[in-house]
$ cat work-v6.tsv   # TSV, C-alpha atoms
chain	number	residue	atom	x	y	z
A	31	MET	CA	30.29	13.36	-60.26
A	32	ILE	CA	26.96	14.37	-61.83
A	33	ARG	CA	25.32	12.97	-64.98
A	34	TRP	CA	23.49	16.07	-66.16
A	35	SER	CA	21.32	14.07	-68.54
A	36	GLU	CA	19.68	12.63	-65.40
A	37	ILE	CA	18.93	16.05	-63.86
A	38	ASP	CA	15.97	18.33	-64.60
A	39	THR	CA	15.82	20.44	-61.42
A	40	VAL	CA	18.64	21.93	-59.35
A	41	LEU	CA	17.88	22.99	-55.77
A	42	LEU	CA	20.53	25.18	-54.18
A	43	ASP	CA	21.01	26.41	-50.64
A	44	MET	CA	22.27	29.97	-50.12
A	45	ASP	CA	24.41	30.47	-47.00
A	46	GLY	CA	27.41	28.16	-47.07
A	47	THR	CA	26.53	26.91	-50.56
A	48	LEU	CA	26.22	29.75	-53.07
A	49	LEU	CA	27.54	32.29	-50.58
A	50	ASP	CA	30.53	32.05	-48.28
A	51	LEU	CA	29.36	31.21	-44.75
A	52	HIS	CA	32.09	33.40	-43.28
A	53	PHE	CA	29.75	36.40	-43.22
A	54	ASP	CA	27.11	34.57	-41.19
A	55	ASN	CA	29.59	32.97	-38.81
A	56	HIS	CA	31.30	36.28	-38.19
A	57	PHE	CA	28.00	38.05	-37.64
A	58	TRP	CA	26.47	35.58	-35.17
A	59	ARG	CA	29.67	34.64	-33.33
A	60	ASP	CA	31.49	37.99	-33.21
A	61	HIS	CA	29.63	41.07	-34.40
A	62	LEU	CA	26.26	40.46	-32.76
A	63	PRO	CA	27.79	39.45	-29.38
A	64	ARG	CA	29.79	42.69	-29.38
A	65	ARG	CA	26.71	44.80	-30.04
A	66	TYR	CA	24.70	42.79	-27.49
A	67	ALA	CA	27.45	43.29	-24.90
A	68	GLU	CA	27.45	47.04	-25.54
A	69	LYS	CA	23.67	47.23	-25.14
A	70	HIS	CA	23.61	45.32	-21.84
A	71	GLY	CA	26.93	46.39	-20.32
A	72	LEU	CA	28.34	42.86	-20.47
A	73	THR	CA	31.74	41.42	-21.19
A	74	LEU	CA	32.06	39.80	-24.60
A	75	ASP	CA	32.32	36.34	-23.02
A	76	ALA	CA	29.20	36.90	-20.94
A	77	ALA	CA	27.31	38.13	-23.99
A	78	ARG	CA	28.34	35.08	-26.00
A	79	LYS	CA	27.20	32.75	-23.22
A	80	GLN	CA	23.80	34.41	-22.96
A	81	LEU	CA	23.30	34.36	-26.71
A	82	THR	CA	24.41	30.75	-27.04
A	83	THR	CA	21.78	29.71	-24.50
A	84	LYS	CA	19.09	31.61	-26.39
A	85	PHE	CA	20.20	30.22	-29.75
A	86	GLN	CA	20.26	26.62	-28.57
A	87	THR	CA	16.58	26.74	-27.60
A	88	GLU	CA	15.60	27.49	-31.23
A	89	GLU	CA	18.19	25.55	-33.22
A	90	GLY	CA	16.74	23.76	-36.23
A	91	THR	CA	13.47	25.71	-36.17
A	92	LEU	CA	12.30	28.64	-38.29
A	93	ASN	CA	12.93	30.97	-35.34
A	94	TRP	CA	16.60	29.97	-35.47
A	95	TYR	CA	16.79	31.44	-38.98
A	96	SER	CA	14.46	34.42	-38.48
A	97	THR	CA	16.02	37.87	-38.24
A	98	ALA	CA	12.59	39.22	-37.25
A	99	TYR	CA	12.40	36.78	-34.34
A	100	TRP	CA	15.88	37.68	-33.08
A	101	SER	CA	15.25	41.41	-33.49
A	102	ARG	CA	12.22	41.05	-31.18
A	103	THR	CA	13.88	38.66	-28.75
A	104	LEU	CA	17.18	40.54	-28.41
A	105	GLU	CA	15.69	44.02	-28.83
A	106	LEU	CA	18.24	44.79	-31.52
A	107	ASP	CA	17.79	45.67	-35.19
A	108	ILE	CA	19.38	42.57	-36.69
A	109	PRO	CA	19.13	43.67	-40.36
A	110	ALA	CA	20.76	47.01	-39.49
A	111	LEU	CA	23.55	45.22	-37.65
A	112	LYS	CA	24.05	42.94	-40.64
A	113	GLN	CA	24.47	45.97	-42.87
A	114	GLU	CA	27.40	47.05	-40.67
A	115	VAL	CA	29.42	44.03	-41.85
A	116	ALA	CA	27.74	43.50	-45.24
A	117	HIS	CA	31.09	43.98	-46.99
A	118	LEU	CA	31.85	40.39	-45.92
A	119	ILE	CA	29.03	38.95	-48.05
A	120	GLN	CA	30.70	37.04	-50.89
A	121	VAL	CA	29.58	34.70	-53.65
A	122	ARG	CA	31.61	31.47	-53.56
A	123	PRO	CA	34.14	30.99	-56.38
A	124	GLU	CA	32.84	29.46	-59.62
A	125	VAL	CA	29.20	29.88	-58.61
A	126	ARG	CA	28.29	32.41	-61.31
A	127	PRO	CA	29.67	30.35	-64.25
A	128	PHE	CA	27.96	27.27	-62.81
A	129	LEU	CA	24.56	28.99	-62.62
A	130	LEU	CA	24.91	30.38	-66.12
A	131	ARG	CA	25.92	27.04	-67.64
A	132	ILE	CA	23.19	24.89	-66.09
A	133	SER	CA	20.58	27.47	-67.10
A	134	GLU	CA	21.92	27.31	-70.66
A	135	LEU	CA	21.34	23.56	-70.54
A	136	GLY	CA	17.69	24.10	-69.70
A	137	LYS	CA	17.78	23.02	-66.07
A	138	ARG	CA	15.31	24.63	-63.67
A	139	VAL	CA	17.43	26.35	-61.00
A	140	LEU	CA	15.81	27.12	-57.64
A	141	LEU	CA	17.14	28.68	-54.47
A	142	VAL	CA	15.67	26.95	-51.41
A	143	THR	CA	16.87	28.64	-48.26
A	144	ASN	CA	16.10	28.81	-44.56
A	145	ALA	CA	17.11	32.47	-44.64
A	146	HIS	CA	14.51	35.02	-43.62
A	147	HIS	CA	13.29	37.52	-46.22
A	148	GLU	CA	15.19	40.33	-44.50
A	149	SER	CA	18.45	38.44	-44.96
A	150	LEU	CA	17.55	37.55	-48.54
A	151	GLN	CA	16.95	41.18	-49.39
A	152	ILE	CA	20.35	42.25	-48.06
A	153	LYS	CA	22.25	39.47	-49.81
A	154	MET	CA	20.50	39.68	-53.16
A	155	ALA	CA	21.02	43.44	-53.28
A	156	ILE	CA	24.77	42.87	-52.93
A	157	THR	CA	25.33	39.67	-54.92
A	158	ARG	CA	22.58	39.88	-57.58
A	159	ILE	CA	22.63	36.08	-57.87
A	160	ASP	CA	18.82	36.16	-58.06
A	161	GLN	CA	19.28	37.17	-61.71
A	162	ALA	CA	20.60	33.66	-62.43
A	163	LEU	CA	17.78	31.81	-60.62
A	164	HIS	CA	14.36	30.79	-61.87
A	165	GLN	CA	12.74	30.99	-58.45
A	166	ILE	CA	13.60	31.77	-54.82
A	167	HIS	CA	11.89	29.92	-51.99
A	168	SER	CA	12.29	30.93	-48.35
A	169	THR	CA	11.16	28.28	-45.90
A	170	HIS	CA	9.48	31.06	-43.91
A	171	ASP	CA	6.79	31.03	-46.60
A	172	ILE	CA	6.40	27.26	-46.29
A	173	GLY	CA	6.24	27.10	-42.49
A	174	LEU	CA	8.97	24.54	-41.84
A	175	ALA	CA	12.75	24.59	-41.96
A	176	LYS	CA	14.36	22.35	-44.58
A	177	GLU	CA	15.58	19.90	-41.95
A	178	GLN	CA	12.18	19.48	-40.31
A	179	PRO	CA	9.96	16.46	-41.07
A	180	GLY	CA	7.30	17.24	-43.64
A	181	PHE	CA	9.16	20.10	-45.28
A	182	TRP	CA	9.73	18.45	-48.65
A	183	GLU	CA	6.13	17.26	-48.83
A	184	LYS	CA	4.94	20.85	-48.33
A	185	PHE	CA	7.53	22.16	-50.78
A	186	ALA	CA	6.34	19.68	-53.41
A	187	ARG	CA	2.89	21.26	-53.23
A	188	GLN	CA	4.44	24.55	-54.36
A	189	GLU	CA	6.96	23.30	-56.92
A	190	THR	CA	6.61	20.48	-59.41
A	191	PHE	CA	9.77	18.38	-59.50
A	192	GLU	CA	10.70	14.73	-59.82
A	193	PRO	CA	12.85	13.76	-56.80
A	194	ALA	CA	14.70	11.10	-58.78
A	195	ARG	CA	15.74	13.73	-61.35
A	196	THR	CA	16.61	16.47	-58.86
A	197	LEU	CA	19.99	17.64	-57.54
A	198	LEU	CA	20.22	19.28	-54.12
A	199	VAL	CA	23.41	21.05	-53.00
A	200	ASP	CA	23.52	22.10	-49.34
A	201	ASP	CA	26.00	22.51	-46.49
A	202	ASN	CA	23.58	21.26	-43.81
A	203	LEU	CA	23.76	17.48	-43.38
A	204	ASP	CA	20.40	17.35	-41.60
A	205	VAL	CA	18.82	19.01	-44.63
A	206	LEU	CA	20.45	16.47	-46.94
A	207	ARG	CA	19.29	13.57	-44.77
A	208	ASN	CA	15.73	14.89	-44.80
A	209	ALA	CA	15.87	15.30	-48.58
A	210	ARG	CA	17.14	11.74	-48.98
A	211	ARG	CA	14.20	10.45	-46.95
A	212	HIS	CA	11.91	12.28	-49.38
A	213	GLY	CA	13.56	10.50	-52.30
A	214	ILE	CA	15.73	13.28	-53.73
A	215	ARG	CA	18.34	11.21	-55.51
A	216	HIS	CA	21.29	13.48	-56.27
A	217	LEU	CA	22.77	15.03	-53.13
A	218	LEU	CA	26.03	16.95	-52.66
A	219	ALA	CA	27.44	18.37	-49.42
A	220	ILE	CA	29.57	21.52	-49.42
A	221	HIS	CA	33.01	20.55	-48.17
A	222	GLN	CA	34.08	23.97	-46.82
A	223	PRO	CA	31.09	26.28	-46.30
A	224	ASP	CA	33.20	28.94	-44.51
A	225	SER	CA	36.32	29.87	-46.45
A	226	LYS	CA	38.02	30.98	-43.23
A	227	ALA	CA	37.27	27.74	-41.35
A	228	PRO	CA	38.48	24.15	-41.83
A	229	PRO	CA	36.55	21.80	-44.13
A	230	LYS	CA	33.71	19.86	-42.54
A	231	ASP	CA	33.01	16.15	-42.34
A	232	CYS	CA	30.42	15.40	-45.03
A	233	ALA	CA	29.58	12.00	-43.50
A	234	ASP	CA	28.22	9.64	-46.17
A	235	PHE	CA	27.40	12.42	-48.65
A	236	THR	CA	29.57	13.21	-51.65
A	237	PRO	CA	31.58	16.37	-50.84
A	238	LEU	CA	31.60	19.29	-53.25
A	239	ARG	CA	34.85	21.23	-52.93
A	240	ARG	CA	34.21	23.72	-55.72
A	241	PHE	CA	31.45	24.31	-58.25
A	242	GLY	CA	33.84	23.88	-61.14
A	243	GLU	CA	33.82	20.16	-60.34
A	244	ILE	CA	30.23	19.85	-61.50
A	245	THR	CA	29.95	22.63	-64.09
A	246	PRO	CA	29.06	20.91	-67.41
A	247	GLU	CA	31.39	21.50	-70.34

$ encode --input "work-v6.tsv" --output "structure tokens"
Amino acid sequence: MIRWSEIDTVLLDMDGTLLDLHFDNHFWRDHLPRRYAEKHGLTLDAARKQLTTKFQTEEGTLNWYSTAYWSRTLELDIPALKQEVAHLIQVRPEVRPFLLRISELGKRVLLVTNAHHESLQIKMAITRIDQALHQIHSTHDIGLAKEQPGFWEKFARQETFEPARTLLVDDNLDVLRNARRHGIRHLLAIHQPDSKAPPKDCADFTPLRRFGEITPE
């Protein structure tokens, strides 16, 4: 699937790629609506409808991914609420051996995530996967989400990498499409980002079902 002799840089997403997306889906679809309903005296269905409307207005922007923005907007402490269900944060199977092996081969391994720093802090404290990464980039430092036009041009001013010799693994098809427009050659789409949900349609991108498929021998 991957010719590692053709790869120098590996760019990895976090939620749904290195980490199971079940935590995030459960938090935003179930846990947060319950806490929001309690705060406002709403039924769970009414809370979900109100939140869905608010979320849709920001989808695909940095605000969509910002815990600080949603804490202000919803008047709830989002990081504290995430800690209530933090036991659900899990590294996907075969991720740790994969990270170790490609580092041994001399590849530069970077996390490039839309996650806000508050979310990063929670997840790194639990998973410690930062110890296997050369660098962590949050798009909140860059000013654009990965799927937004111009992101990769701005990212390239912070990191030196050759798009034709770079692998990107992500579960967001819009991110992969944007990367392809920038010339990133090697692109893989996570087949089942949420272990508790059905696999997703990866469109015209090569699906990655498990990291063992691409871990070099």

$ residues_around --input "work-v6.tsv" --residues "range 87-96 of chain A" --least-positions-apart "3" --cutoff "8 Å" --atoms "all atoms listed in the file" --output "list in words"
Thr83, Lys84, Tyr99, Trp100, Asn144, Ala145, His146, Thr169, His170, Gly173, Leu174, Ala175, Glu177 and Gln178 of chain A

$ write_last_selection --input "work-v6.tsv" --atoms "C-alpha atoms" --output "tab-separated table (two decimals), in the frame of the given file"
chain	number	residue	atom	x	y	z
A	83	THR	CA	21.78	29.71	-24.50
A	84	LYS	CA	19.09	31.61	-26.39
A	99	TYR	CA	12.40	36.78	-34.34
A	100	TRP	CA	15.88	37.68	-33.08
A	144	ASN	CA	16.10	28.81	-44.56
A	145	ALA	CA	17.11	32.47	-44.64
A	146	HIS	CA	14.51	35.02	-43.62
A	169	THR	CA	11.16	28.28	-45.90
A	170	HIS	CA	9.48	31.06	-43.91
A	173	GLY	CA	6.24	27.10	-42.49
A	174	LEU	CA	8.97	24.54	-41.84
A	175	ALA	CA	12.75	24.59	-41.96
A	177	GLU	CA	15.58	19.90	-41.95
A	178	GLN	CA	12.18	19.48	-40.31

$ closest_residue --input "work-v6.tsv" --among "A:Asp204, A:Asp75, A:Asp38, A:Asp160" --to "Thr190 in chain A" --atoms "only C-alpha atoms"
A:Asp38

$ closest_residue --input "work-v6.tsv" --among "A:Leu238, A:Ile37, A:Met31, A:Met154" --to "Ile214 in chain A" --atoms "all atoms listed in the file"
A:Ile37

$ residues_around --input "work-v6.tsv" --residues "range 66-69 of chain A" --least-positions-apart "5" --cutoff "8 Å" --atoms "all atoms listed in the file" --output "count of residues only"
5

$ closest_residue --input "work-v6.tsv" --among "A:Lys176, A:Arg78, A:Lys112, A:Arg102" --to "Asp43 in chain A" --atoms "all atoms listed in the file"
A:Lys176

$ residues_around --input "work-v6.tsv" --residues "Leu48 in chain A" --least-positions-apart "5" --cutoff "9 Å" --atoms "all atoms listed in the file" --output "MDAnalysis selection string"
chainID A and resid 42:43 120:123 125:126 159 200

$ residues_near_point --input "work-v6.tsv" --point "(30.6, 16.6, -50.9)" --cutoff "7 Å" --atoms "all atoms listed in the file" --output "list in words"
Leu218, Ala219, Ile220, His221, Cys232, Phe235, Thr236, Pro237, Leu238 and Arg239 of chain A

$ write_last_selection --input "work-v6.tsv" --atoms "C-alpha atoms" --output "PDB file, keeping the file's coordinate frame"
ATOM      1  CA  LEU A 218      26.030  16.950 -52.660  1.00  0.00           C
ATOM      2  CA  ALA A 219      27.440  18.370 -49.420  1.00  0.00           C
ATOM      3  CA  ILE A 220      29.570  21.520 -49.420  1.00  0.00           C
ATOM      4  CA  HIS A 221      33.010  20.550 -48.170  1.00  0.00           C
ATOM      5  CA  CYS A 232      30.420  15.400 -45.030  1.00  0.00           C
ATOM      6  CA  PHE A 235      27.400  12.420 -48.650  1.00  0.00           C
ATOM      7  CA  THR A 236      29.570  13.210 -51.650  1.00  0.00           C
ATOM      8  CA  PRO A 237      31.580  16.370 -50.840  1.00  0.00           C
ATOM      9  CA  LEU A 238      31.600  19.290 -53.250  1.00  0.00           C
ATOM     10  CA  ARG A 239      34.850  21.230 -52.930  1.00  0.00           C
TER      11      ARG A 239
END

$ residues_around --input "work-v6.tsv" --residues "His52 in chain A" --least-positions-apart "3" --cutoff "7 Å" --atoms "only C-alpha atoms" --output "ChimeraX atom specification"
/A:55-56,224-226

$ axis_aligned_box --input "work-v6.tsv" --around "range 85-99 of chain A" --padding-each-side "4 Å" --output "AutoDock Vina command-line options"
--center_x 16.3 --center_y 31.5 --center_z -33.3 --size_x 16.0 --size_y 23.5 --size_z 19.4

$ atom_distance --input "work-v6.tsv" --atom1 "CA of Phe53 in chain A" --atom2 "CA of Ile119 in chain A"
5.5 Å

$ atom_distance --input "work-v6.tsv" --atom1 "CA of Gln151 in chain A" --atom2 "CA of Trp182 in chain A"
23.9 Å

$ atom_distance --input "work-v6.tsv" --atom1 "CA of Asp45 in chain A" --atom2 "CA of Arg187 in chain A"
24.2 Å

$ closest_residue --input "work-v6.tsv" --among "A:Ala155, A:Arg64, A:Phe185, A:Pro179" --to "His167 in chain A" --atoms "only C-alpha atoms"
A:Phe185

$ closest_residue --input "work-v6.tsv" --among "A:Val142, A:Ala162, A:Ile108, A:Ile156" --to "Ala209 in chain A" --atoms "all atoms listed in the file"
A:Val142

$ closest_residue --input "work-v6.tsv" --among "A:Arg207, A:Lys153, A:Arg138, A:Lys184" --to "Asp50 in chain A" --atoms "all atoms listed in the file"
A:Lys153

$ residues_near_point --input "work-v6.tsv" --point "(16.7, 23.7, -68.2)" --cutoff "10 Å" --atoms "all atoms listed in the file" --output "count of residues only"
14
